[in-house]
$ cat coords19.txt   # compact mmCIF, C-alpha atoms
# COMPACT_ATOMS: atom_id res chain seq x y z
CA MET A 1465 -15.59 40.14 37.29
CA ARG A 1466 -14.64 39.62 40.89
CA GLU A 1467 -17.96 41.02 42.11
CA ASP A 1468 -19.86 38.41 40.15
CA GLN A 1469 -17.58 35.59 41.31
CA ILE A 1470 -18.02 36.56 44.97
CA ARG A 1471 -21.75 36.99 44.57
CA THR A 1472 -21.90 33.48 43.05
CA ILE A 1473 -20.00 32.05 46.04
CA LEU A 1474 -22.55 33.62 48.39
CA THR A 1475 -25.63 32.50 46.46
CA ASP A 1476 -24.16 28.98 46.14
CA LEU A 1477 -23.56 28.94 49.90
CA ASN A 1478 -27.13 30.05 50.61
CA GLY A 1479 -28.47 27.53 48.08
CA GLY A 1480 -26.57 24.66 49.69
CA SER A 1481 -28.93 24.46 52.65
CA ALA A 1482 -32.49 25.57 53.23
CA ASP A 1483 -31.37 26.65 56.71
CA ILE A 1484 -28.84 29.21 55.50
CA GLU A 1485 -30.79 32.46 55.40
CA ALA A 1486 -28.13 34.94 54.36
CA SER A 1487 -24.45 35.45 53.79
CA ALA A 1488 -22.21 38.44 53.28
CA LEU A 1489 -18.55 39.13 52.64
CA ILE A 1490 -17.46 42.09 54.75
CA SER A 1491 -14.14 43.89 55.08
CA THR A 1492 -12.54 43.61 58.51
CA ASP A 1493 -13.32 47.28 59.08
CA GLY A 1494 -17.01 46.59 58.55
CA LEU A 1495 -17.76 47.53 54.94
CA ILE A 1496 -19.89 45.26 52.77
CA ILE A 1497 -18.00 43.70 49.83
CA SER A 1498 -20.94 41.60 48.65
CA SER A 1499 -24.07 40.13 50.18
CA ALA A 1500 -26.87 37.68 49.46
CA LEU A 1501 -29.59 38.49 51.95
CA ALA A 1502 -33.24 37.60 52.39
CA ALA A 1503 -35.75 40.39 51.96
CA GLY A 1504 -36.00 42.55 55.05
CA MET A 1505 -32.41 41.93 56.15
CA ASP A 1506 -30.32 45.04 56.46
CA GLU A 1507 -26.73 45.07 55.13
CA ASP A 1508 -25.66 47.89 57.38
CA ARG A 1509 -26.98 46.24 60.49
CA ILE A 1510 -25.11 43.03 59.68
CA SER A 1511 -21.83 44.76 58.85
CA ALA A 1512 -21.98 46.87 62.00
CA MET A 1513 -22.54 43.84 64.26
CA VAL A 1514 -19.84 41.86 62.45
CA ALA A 1515 -17.29 44.66 62.82
CA ALA A 1516 -18.03 44.98 66.54
CA MET A 1517 -17.90 41.21 67.04
CA LEU A 1518 -14.59 40.92 65.14
CA SER A 1519 -12.99 43.57 67.26
CA LEU A 1520 -14.09 41.97 70.54
CA GLY A 1521 -13.36 38.47 69.23
CA GLU A 1522 -9.79 39.46 68.38
CA ARG A 1523 -9.30 40.96 71.81
CA THR A 1524 -10.80 37.90 73.52
CA ALA A 1525 -8.61 35.49 71.53
CA ALA A 1526 -5.53 37.54 72.39
CA GLU A 1527 -6.36 38.01 76.09
CA LEU A 1528 -7.16 34.33 76.58
CA SER A 1529 -4.11 33.11 74.58
CA ARG A 1530 -6.10 31.59 71.70
CA GLY A 1531 -3.84 33.06 69.00
CA ASN A 1532 -5.13 34.99 66.00
CA LEU A 1533 -8.90 35.06 65.54
CA GLU A 1534 -10.25 32.61 62.96
CA GLN A 1535 -13.99 32.54 63.60
CA VAL A 1536 -16.80 33.57 65.92
CA MET A 1537 -20.14 31.83 66.24
CA ILE A 1538 -23.12 33.34 68.04
CA SER A 1539 -25.98 30.92 68.68
CA GLY A 1540 -29.44 31.89 69.85
CA THR A 1541 -32.79 30.20 70.29
CA GLN A 1542 -33.63 31.08 66.65
CA GLY A 1543 -30.35 30.21 64.92
CA HIS A 1544 -26.69 30.96 64.39
CA VAL A 1545 -24.40 33.68 63.10
CA LEU A 1546 -21.03 32.38 61.92
CA ILE A 1547 -18.20 34.80 61.13
CA ILE A 1548 -15.13 33.28 59.45
CA HIS A 1549 -11.98 35.08 58.33
CA ALA A 1550 -11.52 35.13 54.55
CA GLY A 1551 -7.90 36.18 54.37
CA ASN A 1552 -6.61 39.08 56.45
CA ASP A 1553 -8.85 41.79 55.08
CA ALA A 1554 -12.31 40.24 54.98
CA VAL A 1555 -14.71 37.94 56.79
CA LEU A 1556 -17.61 35.81 55.64
CA CYS A 1557 -20.76 36.14 57.76
CA THR A 1558 -23.35 33.38 57.43
CA ILE A 1559 -26.75 33.59 59.11
CA ALA A 1560 -28.50 30.26 59.61
CA GLY A 1561 -31.68 28.88 61.15
CA LYS A 1562 -31.83 26.72 64.26
CA GLN A 1563 -32.30 23.44 62.40
CA ILE A 1564 -29.01 23.52 60.53
CA LYS A 1565 -26.40 20.87 61.31
CA LEU A 1566 -23.40 22.76 62.61
CA GLY A 1567 -20.92 20.40 60.94
CA LEU A 1568 -22.42 21.20 57.56
CA LEU A 1569 -22.50 24.91 58.28
CA PHE A 1570 -18.81 24.91 59.25
CA ILE A 1571 -17.76 22.95 56.15
CA ASP A 1572 -19.82 24.96 53.66
CA ALA A 1573 -18.93 28.34 55.16
CA SER A 1574 -15.23 27.46 55.41
CA ARG A 1575 -15.15 26.43 51.75
CA ALA A 1576 -16.91 29.61 50.71
CA ALA A 1577 -14.50 31.70 52.81
CA LYS A 1578 -11.55 29.98 51.18
CA ALA A 1579 -12.96 30.55 47.70
CA ALA A 1580 -13.60 34.22 48.49
CA THR A 1581 -10.06 34.59 49.86
CA ALA A 1582 -8.64 33.30 46.57
CA ILE A 1583 -10.66 35.85 44.61
CA LEU A 1584 -9.74 38.77 46.87
CA ARG A 1585 -6.04 37.93 46.66
CA MET B 228 -22.20 22.63 99.58
CA ARG B 229 -23.11 24.21 96.26
CA GLU B 230 -19.59 25.65 95.84
CA ASP B 231 -18.10 22.16 96.05
CA GLN B 232 -20.65 20.71 93.67
CA ILE B 233 -19.99 23.39 91.07
CA ARG B 234 -16.24 23.08 91.52
CA THR B 235 -16.56 19.31 90.91
CA ILE B 236 -18.52 19.94 87.71
CA LEU B 237 -15.71 22.18 86.45
CA THR B 238 -12.86 19.86 87.37
CA ASP B 239 -14.75 16.91 85.84
CA LEU B 240 -15.22 18.94 82.65
CA ASN B 241 -11.52 19.81 82.51
CA GLY B 242 -10.58 16.21 83.28
CA GLY B 243 -12.77 14.86 80.47
CA SER B 244 -10.35 15.98 77.77
CA ALA B 245 -6.64 16.78 77.74
CA ASP B 246 -7.51 19.67 75.40
CA ILE B 247 -9.75 21.49 77.88
CA GLU B 248 -7.43 23.92 79.62
CA ALA B 249 -9.79 25.78 81.91
CA SER B 250 -13.42 26.35 82.80
CA ALA B 251 -15.28 28.87 84.89
CA LEU B 252 -18.85 29.56 85.92
CA ILE B 253 -19.50 33.28 85.74
CA SER B 254 -22.56 35.38 86.54
CA THR B 255 -24.06 37.15 83.53
CA ASP B 256 -22.83 40.44 84.98
CA GLY B 257 -19.26 39.15 84.93
CA LEU B 258 -18.55 37.92 88.47
CA ILE B 259 -16.78 34.60 89.00
CA ILE B 260 -18.94 31.97 90.74
CA SER B 261 -16.32 29.21 90.54
CA SER B 262 -13.33 28.42 88.35
CA ALA B 263 -10.89 25.63 87.57
CA LEU B 264 -8.00 27.30 85.79
CA ALA B 265 -4.48 26.33 84.81
CA ALA B 266 -1.64 28.15 86.55
CA GLY B 267 -1.03 31.57 85.05
CA MET B 268 -4.63 32.09 83.95
CA ASP B 269 -6.31 35.11 85.39
CA GLU B 270 -9.91 34.87 86.66
CA ASP B 271 -10.54 38.55 86.29
CA ARG B 272 -9.33 38.67 82.72
CA ILE B 273 -11.62 35.77 81.80
CA SER B 274 -14.68 37.18 83.53
CA ALA B 275 -14.15 40.62 81.96
CA MET B 276 -13.89 39.19 78.44
CA VAL B 277 -16.88 36.90 79.01
CA ALA B 278 -19.06 39.75 80.27
CA ALA B 279 -18.15 41.90 77.25
CA MET B 280 -18.72 39.02 74.83
CA LEU B 281 -22.10 38.18 76.42
CA SER B 282 -23.29 41.73 76.09
CA LEU B 283 -22.28 41.99 72.42
CA GLY B 284 -23.49 38.44 71.69
CA GLU B 285 -26.94 39.27 73.07
CA ARG B 286 -27.12 42.41 70.98
CA THR B 287 -25.95 40.55 67.85
CA ALA B 288 -28.48 37.74 68.35
CA ALA B 289 -31.25 40.30 68.81
CA GLU B 290 -30.25 42.55 65.88
CA LEU B 291 -29.90 39.61 63.48
CA SER B 292 -33.13 37.89 64.64
CA ARG B 293 -31.43 34.87 66.22
CA GLY B 294 -33.59 34.93 69.37
CA ASN B 295 -32.19 34.78 72.89
CA LEU B 296 -28.46 34.16 73.17
CA GLU B 297 -27.52 30.57 74.02
CA GLN B 298 -23.79 30.40 73.29
CA VAL B 299 -20.79 32.14 71.79
CA MET B 300 -17.67 30.44 70.48
CA ILE B 301 -14.47 32.30 69.64
CA SER B 302 -11.91 30.25 67.71
CA GLY B 303 -8.31 31.27 67.13
CA THR B 304 -5.18 29.68 65.74
CA GLN B 305 -4.38 28.39 69.25
CA GLY B 306 -7.78 27.13 70.37
CA HIS B 307 -11.34 27.93 71.36
CA VAL B 308 -13.33 29.82 73.98
CA LEU B 309 -16.88 28.52 74.40
CA ILE B 310 -19.42 30.48 76.44
CA ILE B 311 -22.71 28.67 77.17
CA HIS B 312 -25.66 29.97 79.17
CA ALA B 313 -26.23 28.08 82.42
CA GLY B 314 -29.71 29.29 83.26
CA ASN B 315 -30.58 32.98 83.07
CA ASP B 316 -28.08 34.25 85.60
CA ALA B 317 -24.83 32.48 84.74
CA VAL B 318 -22.65 31.23 81.90
CA LEU B 319 -20.07 28.49 81.65
CA CYS B 320 -16.84 29.51 79.93
CA THR B 321 -14.63 26.68 78.65
CA ILE B 322 -11.16 27.33 77.21
CA ALA B 323 -9.80 24.57 74.97
CA GLY B 324 -6.76 23.86 72.81
CA LYS B 325 -6.78 23.68 69.04
CA GLN B 326 -6.75 19.87 68.88
CA ILE B 327 -10.10 19.35 70.62
CA LYS B 328 -12.96 17.85 68.64
CA LEU B 329 -15.68 20.49 68.64
CA GLY B 330 -18.48 17.94 68.88
CA LEU B 331 -17.01 16.63 72.12
CA LEU B 332 -16.46 20.13 73.47
CA PHE B 333 -20.09 21.10 72.78
CA ILE B 334 -21.48 17.94 74.39
CA ASP B 335 -19.29 18.06 77.49
CA ALA B 336 -19.70 21.79 78.05
CA SER B 337 -23.48 21.65 77.50
CA ARG B 338 -23.79 18.85 80.03
CA ALA B 339 -21.72 20.76 82.55
CA ALA B 340 -23.76 23.92 81.99
CA LYS B 341 -26.96 21.95 82.54
CA ALA B 342 -25.61 20.42 85.75
CA ALA B 343 -24.52 23.84 87.01
CA THR B 344 -27.93 25.31 86.15
CA ALA B 345 -29.61 22.66 88.29
CA ILE B 346 -27.38 23.51 91.26
CA LEU B 347 -27.85 27.27 90.92
CA ARG B 348 -31.62 26.90 90.76

$ encode --input "coords19.txt" --output "structure tokens"
Amino acid sequence: MREDQIRTILTDLNGGSADIEASALISTDGLIISSALAAGMDEDRISAMVAAMLSLGERTAAELSRGNLEQVMISGTQGHVLIIHAGNDAVLCTIAGKQIKLGLLFIDASRAAKAATAILR
Amino acid sequence: MREDQIRTILTDLNGGSADIEASALISTDGLIISSALAAGMDEDRISAMVAAMLSLGERTAAELSRGNLEQVMISGTQGHVLIIHAGNDAVLCTIAGKQIKLGLLFIDASRAAKAATAILR
């Protein structure tokens, strides 16, 4: 089942680092495809913010001649939100704590996005 | 003069890598403080996108419990836009080509943002 395969990708991603708190695969129009979230995290809140950020990210990339949007990262004092395209129709959103090494986050999330893209195809 | 000092920070940042195409210091409400842009780049377009991205980035960081916004990076097929807080009242926006090493971009831009913060203080 594709649902199970995607869910496994997300739980594997979360399990790969103690600093990854949550991940979700979301359609580019902001609907949850699958998610692996900590208790107290709200799917709808995440998908709404991701949809808004994708829309503005695409416009920013276009306006500032950066080509087609590939990813957006928002970093705060308490951690990071990384949104990576998984094919044309979906994005992977990964929510991580402050201590994570960004290089590791980029590699793990990119791999997961690629795996999810293959399943959605 | 503070204007000259800030302008020097930006031109030094751009000069540090062939892949950094432009940089600008912008108030958090979207007004240009200083910029060092390639020909054909539009200050107003950059400041408008940065102001919009800051506003949404702050909301995203708050909604997803990431604390206070520190930086936003938008990556496309043609390169990156990195927005880093320079104190509470300004942000540094750096526009780079696809070939840049992200580690170098983060280090150089963070240093420049810190230097600009000290001058604005």

$ closest_atom_pairs --input "coords19.txt" --of "chain A" --to "chain B" --cutoff "6 Å" --atoms "only C-alpha atoms" --output "JSON lines"
{"residue": "A:Met1513", "atom": "CA", "partner": "B:Thr287", "partner_atom": "CA", "distance": 5.9}
{"residue": "A:Thr1524", "atom": "CA", "partner": "B:Met276", "partner_atom": "CA", "distance": 6.0}
{"residue": "A:Arg1530", "atom": "CA", "partner": "B:Gln305", "partner_atom": "CA", "distance": 4.4}
{"residue": "A:Gly1531", "atom": "CA", "partner": "B:Gln305", "partner_atom": "CA", "distance": 4.7}
{"residue": "A:Asn1532", "atom": "CA", "partner": "B:Gly303", "partner_atom": "CA", "distance": 5.0}
{"residue": "A:Leu1533", "atom": "CA", "partner": "B:Gly303", "partner_atom": "CA", "distance": 4.2}
{"residue": "A:Glu1534", "atom": "CA", "partner": "B:Gly303", "partner_atom": "CA", "distance": 4.8}
{"residue": "A:Gln1535", "atom": "CA", "partner": "B:Ser302", "partner_atom": "CA", "distance": 5.1}
{"residue": "A:Val1536", "atom": "CA", "partner": "B:Ile301", "partner_atom": "CA", "distance": 4.6}
{"residue": "A:Met1537", "atom": "CA", "partner": "B:Met300", "partner_atom": "CA", "distance": 5.1}
{"residue": "A:Ile1538", "atom": "CA", "partner": "B:Val299", "partner_atom": "CA", "distance": 4.6}
{"residue": "A:Ser1539", "atom": "CA", "partner": "B:Gln298", "partner_atom": "CA", "distance": 5.1}
{"residue": "A:Gly1540", "atom": "CA", "partner": "B:Leu296", "partner_atom": "CA", "distance": 4.1}
{"residue": "A:Thr1541", "atom": "CA", "partner": "B:Gly294", "partner_atom": "CA", "distance": 4.9}
{"residue": "A:Gln1542", "atom": "CA", "partner": "B:Arg293", "partner_atom": "CA", "distance": 4.4}
{"residue": "A:Gly1543", "atom": "CA", "partner": "B:Arg293", "partner_atom": "CA", "distance": 5.0}

$ atom_distance --input "coords19.txt" --atom1 "CA of Ala278 (chain B)" --atom2 "CA of Glu1485 (chain A)"
28.4 Å

$ atom_distance --input "coords19.txt" --atom1 "CA of Asp1553 (chain A)" --atom2 "CA of Leu1495 (chain A)"
10.6 Å

$ residues_around --input "coords19.txt" --residues "Leu240 (chain B)" --least-positions-apart "4" --cutoff "8 Å" --atoms "all atoms listed in the file" --output "PDB file with C-alpha atoms, in the coordinates of the input"
ATOM      1  CA  ILE B 236     -18.520  19.940  87.710  1.00  0.00           C
ATOM      2  CA  SER B 244     -10.350  15.980  77.770  1.00  0.00           C
ATOM      3  CA  ILE B 247      -9.750  21.490  77.880  1.00  0.00           C
ATOM      4  CA  SER B 250     -13.420  26.350  82.800  1.00  0.00           C
ATOM      5  CA  ASP B 335     -19.290  18.060  77.490  1.00  0.00           C
ATOM      6  CA  ALA B 336     -19.700  21.790  78.050  1.00  0.00           C
ATOM      7  CA  ALA B 339     -21.720  20.760  82.550  1.00  0.00           C
TER       8      ALA B 339
END

$ atom_distance --input "coords19.txt" --atom1 "CA of Gly1480 (chain A)" --atom2 "CA of Thr1492 (chain A)"
25.2 Å

$ closest_residue --input "coords19.txt" --among "A:Ile1571, A:Ala1482, A:Ile1470, A:Ile1564" --to "Ala1500 (chain A)" --atoms "all atoms listed in the file"
A:Ile1470

$ closest_residue --input "coords19.txt" --among "A:Glu1507, A:Ala1550, A:Glu1467, A:Thr1558" --to "Ala1579 (chain A)" --atoms "all atoms listed in the file"
A:Ala1550

$ residues_around --input "coords19.txt" --residues "Ser1491 (chain A)" --least-positions-apart "2" --cutoff "8 Å" --atoms "all atoms listed in the file" --output "PDB file with C-alpha atoms, keeping the file's coordinate frame"
ATOM      1  CA  LEU A1489     -18.550  39.130  52.640  1.00  0.00           C
ATOM      2  CA  ASP A1493     -13.320  47.280  59.080  1.00  0.00           C
ATOM      3  CA  GLY A1494     -17.010  46.590  58.550  1.00  0.00           C
ATOM      4  CA  LEU A1495     -17.760  47.530  54.940  1.00  0.00           C
ATOM      5  CA  ILE A1496     -19.890  45.260  52.770  1.00  0.00           C
ATOM      6  CA  ILE A1497     -18.000  43.700  49.830  1.00  0.00           C
ATOM      7  CA  ASP A1553      -8.850  41.790  55.080  1.00  0.00           C
ATOM      8  CA  ALA A1554     -12.310  40.240  54.980  1.00  0.00           C
ATOM      9  CA  VAL A1555     -14.710  37.940  56.790  1.00  0.00           C
TER      10      VAL A1555
END

$ build_atoms --input "coords19.txt" --residues "region 300-311 of chain B" --atoms "all heavy atoms" --output "mmCIF file, keeping the file's coordinate frame"
data_model
loop_
_atom_site.group_PDB
_atom_site.id
_atom_site.type_symbol
_atom_site.label_atom_id
_atom_site.label_comp_id
_atom_site.auth_asym_id
_atom_site.auth_seq_id
_atom_site.Cartn_x
_atom_site.Cartn_y
_atom_site.Cartn_z
ATOM 1 N N MET B 300 -18.971 31.097 70.565
ATOM 2 C CA MET B 300 -17.670 30.440 70.480
ATOM 3 C C MET B 300 -16.712 31.333 69.709
ATOM 4 O O MET B 300 -17.052 31.845 68.639
ATOM 5 C CB MET B 300 -17.769 29.091 69.772
ATOM 6 C CG MET B 300 -16.424 28.363 69.770
ATOM 7 S SD MET B 300 -16.509 26.684 69.122
ATOM 8 C CE MET B 300 -16.913 27.016 67.412
ATOM 9 N N ILE B 301 -15.528 31.528 70.290
ATOM 10 C CA ILE B 301 -14.470 32.300 69.640
ATOM 11 C C ILE B 301 -13.344 31.317 69.352
ATOM 12 O O ILE B 301 -12.838 30.664 70.275
ATOM 13 C CB ILE B 301 -13.957 33.423 70.566
ATOM 14 C CG1 ILE B 301 -15.085 34.354 70.959
ATOM 15 C CG2 ILE B 301 -12.820 34.217 69.891
ATOM 16 C CD1 ILE B 301 -15.611 34.136 72.346
ATOM 17 N N SER B 302 -12.961 31.189 68.084
ATOM 18 C CA SER B 302 -11.910 30.250 67.710
ATOM 19 C C SER B 302 -10.723 30.993 67.128
ATOM 20 O O SER B 302 -10.881 31.830 66.236
ATOM 21 C CB SER B 302 -12.434 29.246 66.683
ATOM 22 O OG SER B 302 -13.513 28.523 67.230
ATOM 23 N N GLY B 303 -9.540 30.675 67.642
ATOM 24 C CA GLY B 303 -8.310 31.270 67.130
ATOM 25 C C GLY B 303 -7.347 30.196 66.681
ATOM 26 O O GLY B 303 -7.655 29.002 66.751
ATOM 27 N N THR B 304 -6.188 30.629 66.220
ATOM 28 C CA THR B 304 -5.180 29.680 65.740
ATOM 29 C C THR B 304 -4.680 28.769 66.857
ATOM 30 O O THR B 304 -4.132 27.706 66.595
ATOM 31 C CB THR B 304 -3.977 30.436 65.131
ATOM 32 O OG1 THR B 304 -3.596 31.478 66.044
ATOM 33 C CG2 THR B 304 -4.344 31.068 63.802
ATOM 34 N N GLN B 305 -4.875 29.184 68.126
ATOM 35 C CA GLN B 305 -4.380 28.390 69.250
ATOM 36 C C GLN B 305 -5.490 27.710 70.062
ATOM 37 O O GLN B 305 -5.193 27.129 71.117
ATOM 38 C CB GLN B 305 -3.547 29.256 70.205
ATOM 39 C CG GLN B 305 -2.390 29.983 69.539
ATOM 40 C CD GLN B 305 -1.339 29.040 68.980
ATOM 41 O OE1 GLN B 305 -0.997 28.050 69.603
ATOM 42 N NE2 GLN B 305 -0.858 29.338 67.779
ATOM 43 N N GLY B 306 -6.738 27.815 69.627
ATOM 44 C CA GLY B 306 -7.780 27.130 70.370
ATOM 45 C C GLY B 306 -9.088 27.896 70.433
ATOM 46 O O GLY B 306 -9.288 28.855 69.694
ATOM 47 N N HIS B 307 -9.967 27.442 71.320
ATOM 48 C CA HIS B 307 -11.340 27.930 71.360
ATOM 49 C C HIS B 307 -11.747 28.440 72.747
ATOM 50 O O HIS B 307 -11.265 27.921 73.758
ATOM 51 C CB HIS B 307 -12.309 26.793 70.991
ATOM 52 C CG HIS B 307 -11.935 26.053 69.747
ATOM 53 N ND1 HIS B 307 -12.336 26.457 68.490
ATOM 54 C CD2 HIS B 307 -11.172 24.943 69.551
ATOM 55 C CE1 HIS B 307 -11.848 25.626 67.584
ATOM 56 N NE2 HIS B 307 -11.144 24.693 68.203
ATOM 57 N N VAL B 308 -12.649 29.393 72.744
ATOM 58 C CA VAL B 308 -13.330 29.820 73.980
ATOM 59 C C VAL B 308 -14.819 29.613 73.732
ATOM 60 O O VAL B 308 -15.367 30.170 72.784
ATOM 61 C CB VAL B 308 -13.073 31.308 74.289
ATOM 62 C CG1 VAL B 308 -13.824 31.727 75.549
ATOM 63 C CG2 VAL B 308 -11.583 31.588 74.426
ATOM 64 N N LEU B 309 -15.454 28.793 74.561
ATOM 65 C CA LEU B 309 -16.880 28.520 74.400
ATOM 66 C C LEU B 309 -17.623 29.048 75.618
ATOM 67 O O LEU B 309 -17.282 28.711 76.758
ATOM 68 C CB LEU B 309 -17.101 27.007 74.253
ATOM 69 C CG LEU B 309 -18.546 26.531 74.086
ATOM 70 C CD1 LEU B 309 -19.192 27.108 72.826
ATOM 71 C CD2 LEU B 309 -18.610 25.005 74.043
ATOM 72 N N ILE B 310 -18.625 29.877 75.369
ATOM 73 C CA ILE B 310 -19.420 30.480 76.440
ATOM 74 C C ILE B 310 -20.851 29.986 76.271
ATOM 75 O O ILE B 310 -21.470 30.240 75.237
ATOM 76 C CB ILE B 310 -19.375 32.017 76.350
ATOM 77 C CG1 ILE B 310 -17.936 32.522 76.444
ATOM 78 C CG2 ILE B 310 -20.245 32.646 77.435
ATOM 79 C CD1 ILE B 310 -17.757 33.981 76.020
ATOM 80 N N ILE B 311 -21.364 29.245 77.271
ATOM 81 C CA ILE B 311 -22.710 28.670 77.170
ATOM 82 C C ILE B 311 -23.554 29.154 78.350
ATOM 83 O O ILE B 311 -23.091 29.122 79.498
ATOM 84 C CB ILE B 311 -22.661 27.129 77.234
ATOM 85 C CG1 ILE B 311 -21.837 26.580 76.076
ATOM 86 C CG2 ILE B 311 -24.055 26.529 77.201
ATOM 87 C CD1 ILE B 311 -21.856 25.050 76.009
#
